[in-house]
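Colleague: Provided herewith is a single structure, encoded as structure tokens, for subsequent inquiry.
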Amino acid sequence: MKMRTCAVAGMFYPRDPSHLEQLLEKFFSETQADGDSMGIVSPHAGYIYSGQVAAHAFSAISPDFSGTFIVIGPSHRGYLNCVSLVPWETPLGVVDTDVEFVQALDIEADEYSQKDEHSLEVQMPFIKYRFPRARIAPIMMGQQDYASAMRLADRIIAAVRLTKRDVRIVASSDFSHYVSEQKAKADDLPAIEALTTLDVQELPANRSQAGNGLRVRTDLCDGHGLQETRGGDSTADPVRDERRCDR
């Protein structure tokens, strides 16, 4: 069976299944289940920096969820919008793709463009560990303009209505990193404020590495309150700063 194999295991997160499972267990042991959010923003840096942040985000979704995760991540290599139809490998096992739902999106499938993209891959071990019965709909977002974000949101809504799937949204996005804590707060504040008010048009596309992924997620989700955490808190490194928001 053709599948998307791990590209950044051993770099962004442990390749050894036992080590990875222990690390994820540690991350989630320091979180509390918090309702059942329709969508989250989860970072895609190395787990040493952003793993705890991502665990907080995924903890906002009920661990009993067994539907379809729509995972939206930016293209770091400039490819166009595309989807994946194949299962995704993780060191903890394979995450199945919801082929019917992905096909209902009516977006071109391009496995080659996604084979090295880490923004989607780093979310998969969290999904496999926390939600072992869930499936995925991977969407790599290349076009980073407001109109493209709204078109994608419309396609997702139409696909949900057509397939009647129970879905949750994961917007894979790094906020500021490699800057001081003070600068990160100043730079990220407009995006965070836009998320808290669900103001899609005011969400700056260039403020994070998935600005329009955030726009799609914000347009689709109603909220249960927004929280912010920093990856710098996990490493005592105020220069390496990652943020997570869930709503």
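Naming works like this for the structure tokens: A, B, ... for the chains as they're shown, residue 1 at the start of each chain, ligands 1 onward in shown order.
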Leaving out A:Lys2 and any residue of its chain fewer than 6 positions from it, which residues lie within 10 Å of it when counting only C-alpha atoms, given as number ranges by chain?
Modeller: A: 85-88
Colleague: Now that the selection is made, can you save its residues with N, CA and C atoms as an mmCIF file, in the first residue's frame?
Modeller:
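Result file is part_13.cif:
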```cif
data_model
loop_
_atom_site.group_PDB
_atom_site.id
_atom_site.type_symbol
_atom_site.label_atom_id
_atom_site.label_comp_id
_atom_site.auth_asym_id
_atom_site.auth_seq_id
_atom_site.Cartn_x
_atom_site.Cartn_y
_atom_site.Cartn_z
ATOM 1 N N LEU A 85 -4.148 11.759 -0.431
ATOM 2 C CA LEU A 85 -5.152 10.693 -0.385
ATOM 3 C C LEU A 85 -4.628 9.409 0.236
ATOM 4 N N VAL A 86 -3.358 9.383 0.599
ATOM 5 C CA VAL A 86 -2.761 8.146 1.098
ATOM 6 C C VAL A 86 -2.661 8.174 2.620
ATOM 7 N N PRO A 87 -2.534 7.006 3.262
ATOM 8 C CA PRO A 87 -2.303 6.981 4.710
ATOM 9 C C PRO A 87 -0.959 7.621 5.047
ATOM 10 N N TRP A 88 -0.841 8.110 6.287
ATOM 11 C CA TRP A 88 0.397 8.750 6.736
ATOM 12 C C TRP A 88 1.042 7.893 7.824
#
```
Colleague: Could you pull the residues within 8 Å of A:Ala159, counting only C-alpha atoms, minus those fewer than 3 positions along the same chain, as a list in words?
Modeller: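 Residues meeting the cut-off are Phe101, Ala104, Leu105, Arg155, Ile156, Leu162, Thr163 and Lys164 of chain A.
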Colleague: Go ahead and write the residues just picked, C-alpha atoms, as a short mmCIF file (atom, residue, chain, number, x, y, z; two decimals), in the first residue's frame.
Modeller:
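Saved result, part.cif, follows:
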```cif
data_model
loop_
_atom_site.label_atom_id
_atom_site.label_comp_id
_atom_site.auth_asym_id
_atom_site.auth_seq_id
_atom_site.Cartn_x
_atom_site.Cartn_y
_atom_site.Cartn_z
CA PHE A 101 -13.95 13.37 2.53
CA ALA A 104 -15.24 15.72 -1.67
CA LEU A 105 -12.99 18.76 -1.19
CA ARG A 155 -14.81 23.78 0.07
CA ILE A 156 -14.42 22.36 3.57
CA LEU A 162 -21.92 16.36 1.64
CA THR A 163 -20.24 13.62 3.69
CA LYS A 164 -21.85 14.49 7.05
#
```
Colleague: Using the chain letters and numbers from this document, which residues of stretch 10-231 of chain A does DSSP assign to strand (DSSP E), as an mmCIF file with N, CA and C atoms, in the first residue's frame?
Modeller:
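Heads up, here's the output in selection12.cif:
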```
data_model
loop_
_atom_site.group_PDB
_atom_site.id
_atom_site.type_symbol
_atom_site.label_atom_id
_atom_site.label_comp_id
_atom_site.auth_asym_id
_atom_site.auth_seq_id
_atom_site.Cartn_x
_atom_site.Cartn_y
_atom_site.Cartn_z
ATOM 1 N N GLY A 39 -11.830 23.539 16.678
ATOM 2 C CA GLY A 39 -10.587 23.758 15.962
ATOM 3 C C GLY A 39 -9.498 24.263 16.876
ATOM 4 N N ILE A 40 -8.269 23.979 16.499
ATOM 5 C CA ILE A 40 -7.119 24.417 17.281
ATOM 6 C C ILE A 40 -6.048 24.964 16.347
ATOM 7 N N VAL A 41 -5.126 25.717 16.925
ATOM 8 C CA VAL A 41 -3.899 26.123 16.253
ATOM 9 C C VAL A 41 -2.754 25.407 16.948
ATOM 10 N N SER A 42 -1.986 24.650 16.194
ATOM 11 C CA SER A 42 -0.913 23.849 16.773
ATOM 12 C C SER A 42 0.395 24.134 16.041
ATOM 13 N N THR A 68 -12.896 12.931 11.798
ATOM 14 C CA THR A 68 -11.859 13.296 10.830
ATOM 15 C C THR A 68 -11.208 14.617 11.218
ATOM 16 N N PHE A 69 -9.893 14.594 11.323
ATOM 17 C CA PHE A 69 -9.118 15.821 11.538
ATOM 18 C C PHE A 69 -8.768 16.421 10.186
ATOM 19 N N ILE A 70 -9.214 17.646 9.964
ATOM 20 C CA ILE A 70 -8.795 18.388 8.774
ATOM 21 C C ILE A 70 -7.532 19.145 9.163
ATOM 22 N N VAL A 71 -6.396 18.697 8.671
ATOM 23 C CA VAL A 71 -5.101 19.260 9.058
ATOM 24 C C VAL A 71 -4.619 20.170 7.932
ATOM 25 N N ILE A 72 -4.512 21.462 8.241
ATOM 26 C CA ILE A 72 -4.121 22.456 7.240
ATOM 27 C C ILE A 72 -2.745 23.002 7.603
ATOM 28 N N GLY A 73 -1.796 22.849 6.709
ATOM 29 C CA GLY A 73 -0.444 23.337 6.971
ATOM 30 C C GLY A 73 0.107 24.106 5.788
ATOM 31 N N PRO A 74 1.011 25.043 6.040
ATOM 32 C CA PRO A 74 1.576 25.835 4.946
ATOM 33 C C PRO A 74 2.630 25.050 4.181
ATOM 34 N N CYS A 82 -2.898 21.677 -2.226
ATOM 35 C CA CYS A 82 -3.096 20.292 -2.644
ATOM 36 C C CYS A 82 -3.485 19.457 -1.431
ATOM 37 N N VAL A 83 -3.989 18.262 -1.698
ATOM 38 C CA VAL A 83 -4.379 17.346 -0.643
ATOM 39 C C VAL A 83 -3.615 16.043 -0.802
ATOM 40 N N TRP A 88 -0.841 8.110 6.287
ATOM 41 C CA TRP A 88 0.397 8.750 6.736
ATOM 42 C C TRP A 88 1.042 7.893 7.824
ATOM 43 N N GLU A 89 2.302 7.596 7.619
ATOM 44 C CA GLU A 89 3.064 6.804 8.575
ATOM 45 C C GLU A 89 3.512 7.664 9.745
ATOM 46 N N THR A 90 3.478 7.097 10.934
ATOM 47 C CA THR A 90 4.133 7.678 12.103
ATOM 48 C C THR A 90 4.892 6.555 12.799
ATOM 49 N N GLY A 93 2.525 4.039 14.305
ATOM 50 C CA GLY A 93 1.591 3.348 13.422
ATOM 51 C C GLY A 93 1.048 4.284 12.366
ATOM 52 N N VAL A 94 0.202 3.759 11.521
ATOM 53 C CA VAL A 94 -0.316 4.506 10.379
ATOM 54 C C VAL A 94 -1.597 5.251 10.753
ATOM 55 N N VAL A 95 -1.714 6.484 10.280
ATOM 56 C CA VAL A 95 -2.948 7.260 10.406
ATOM 57 C C VAL A 95 -3.666 7.195 9.062
ATOM 58 N N ARG A 135 -9.396 9.687 11.714
ATOM 59 C CA ARG A 135 -8.767 9.745 10.405
ATOM 60 C C ARG A 135 -8.388 11.192 10.093
ATOM 61 N N ILE A 136 -7.714 11.390 8.985
ATOM 62 C CA ILE A 136 -7.195 12.718 8.653
ATOM 63 C C ILE A 136 -7.600 13.115 7.234
ATOM 64 N N ALA A 137 -7.611 14.424 7.017
ATOM 65 C CA ALA A 137 -7.747 15.013 5.683
ATOM 66 C C ALA A 137 -6.633 16.050 5.558
ATOM 67 N N PRO A 138 -5.465 15.653 5.036
ATOM 68 C CA PRO A 138 -4.317 16.574 4.985
ATOM 69 C C PRO A 138 -4.445 17.567 3.827
ATOM 70 N N ILE A 139 -4.311 18.844 4.153
ATOM 71 C CA ILE A 139 -4.381 19.915 3.154
ATOM 72 C C ILE A 139 -3.138 20.779 3.284
ATOM 73 N N MET A 140 -2.343 20.819 2.230
ATOM 74 C CA MET A 140 -1.192 21.727 2.213
ATOM 75 C C MET A 140 -1.603 23.002 1.495
ATOM 76 N N MET A 141 -1.395 24.120 2.167
ATOM 77 C CA MET A 141 -1.895 25.407 1.667
ATOM 78 C C MET A 141 -0.744 26.233 1.128
ATOM 79 N N VAL A 167 -16.020 16.548 12.185
ATOM 80 C CA VAL A 167 -14.658 17.005 11.903
ATOM 81 C C VAL A 167 -14.151 17.939 12.993
ATOM 82 N N ARG A 168 -12.821 18.012 13.087
ATOM 83 C CA ARG A 168 -12.138 19.016 13.884
ATOM 84 C C ARG A 168 -11.026 19.599 13.003
ATOM 85 N N ILE A 169 -10.742 20.876 13.214
ATOM 86 C CA ILE A 169 -9.757 21.577 12.391
ATOM 87 C C ILE A 169 -8.445 21.719 13.153
ATOM 88 N N VAL A 170 -7.336 21.406 12.507
ATOM 89 C CA VAL A 170 -6.007 21.672 13.053
ATOM 90 C C VAL A 170 -5.294 22.607 12.086
ATOM 91 N N ALA A 171 -5.086 23.852 12.505
ATOM 92 C CA ALA A 171 -4.304 24.798 11.719
ATOM 93 C C ALA A 171 -2.869 24.737 12.224
ATOM 94 N N SER A 172 -1.985 24.207 11.398
ATOM 95 C CA SER A 172 -0.581 24.060 11.779
ATOM 96 C C SER A 172 0.139 25.364 11.500
ATOM 97 N N GLN A 227 -6.828 30.478 24.478
ATOM 98 C CA GLN A 227 -5.699 30.429 25.396
ATOM 99 C C GLN A 227 -4.419 30.569 24.603
ATOM 100 N N GLU A 228 -3.391 31.072 25.243
ATOM 101 C CA GLU A 228 -2.097 31.253 24.589
ATOM 102 C C GLU A 228 -1.010 30.666 25.475
ATOM 103 N N THR A 229 -0.123 29.885 24.862
ATOM 104 C CA THR A 229 1.036 29.389 25.585
ATOM 105 C C THR A 229 2.261 29.572 24.715
ATOM 106 N N ARG A 230 3.449 29.505 25.344
ATOM 107 C CA ARG A 230 4.689 29.764 24.626
ATOM 108 C C ARG A 230 5.612 28.567 24.701
#
```
Colleague: Can you work out which one of A:Arg133, A:Leu80, A:Gln52, A:Thr5 has the shortest atom-to-atom distance to A:Asp96, counting only C-alpha atoms?
Modeller: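 So, comparing all the options, the nearest one is A:Arg133.
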Colleague: Can you work out which one of A:Glu181, A:Leu24, A:Asp16, A:Met3 has the shortest atom-to-atom distance to A:Ser84, counting only C-alpha atoms?
Modeller: A:Met3
Colleague: Distance atom CA of A:Asp166-atom CA of A:Met150, one decimal place?
Modeller: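 Interatomic distance, atom CA of A:Asp166 to atom CA of A:Met150: 20.7 Å.
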Colleague: Just list the residues in stretch 62-121 of chain A DSSP gives helix (DSSP H, G or I) on the backbone, as number ranges by chain.
Modeller: A: 99-104, 111-114, 118-121
Colleague: I'd like the contact shell of A:Ala7 - 8 Å cut-off, only C-alpha atoms, skipping same-chain residues fewer than 4 positions apart - returned as a list of chain:residue names.
Modeller: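 Here the qualifying residues turn out to be A:Lys115, A:Asp116, A:Glu117, A:His118, A:Glu121.
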Colleague: Which residues come within 12 Å of A:Asp64, counting only C-alpha atoms, excluding same-chain residues fewer than 2 positions away, as number ranges by chain?
Modeller: A: 33, 35-36, 58-62, 66-67, 127, 129-134
Colleague: Give the answer as one residue: which of A:Pro190, A:Gln123, A:Asp106, A:Thr196 has the shortest atom-to-atom distance to A:Ala158, using only C-alpha atoms?
Modeller: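 Distance minimum relative to A:Ala158 lands on A:Asp106.
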Colleague: Between A:Ala55, A:Met38, A:Leu92, A:Ala191, which is the closest to A:Arg15 once you count only C-alpha atoms?
Modeller: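 Between A:Ala55, A:Met38, A:Leu92, A:Ala191, the residue approaching A:Arg15 most closely is A:Leu92.
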Colleague: One decimal, in Å: what's the spacing between atom CA of A:Ala186 and atom CA of A:Ile48?
Modeller: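 Calculated distance between atom CA of A:Ala186 and atom CA of A:Ile48 is 23.9 Å.
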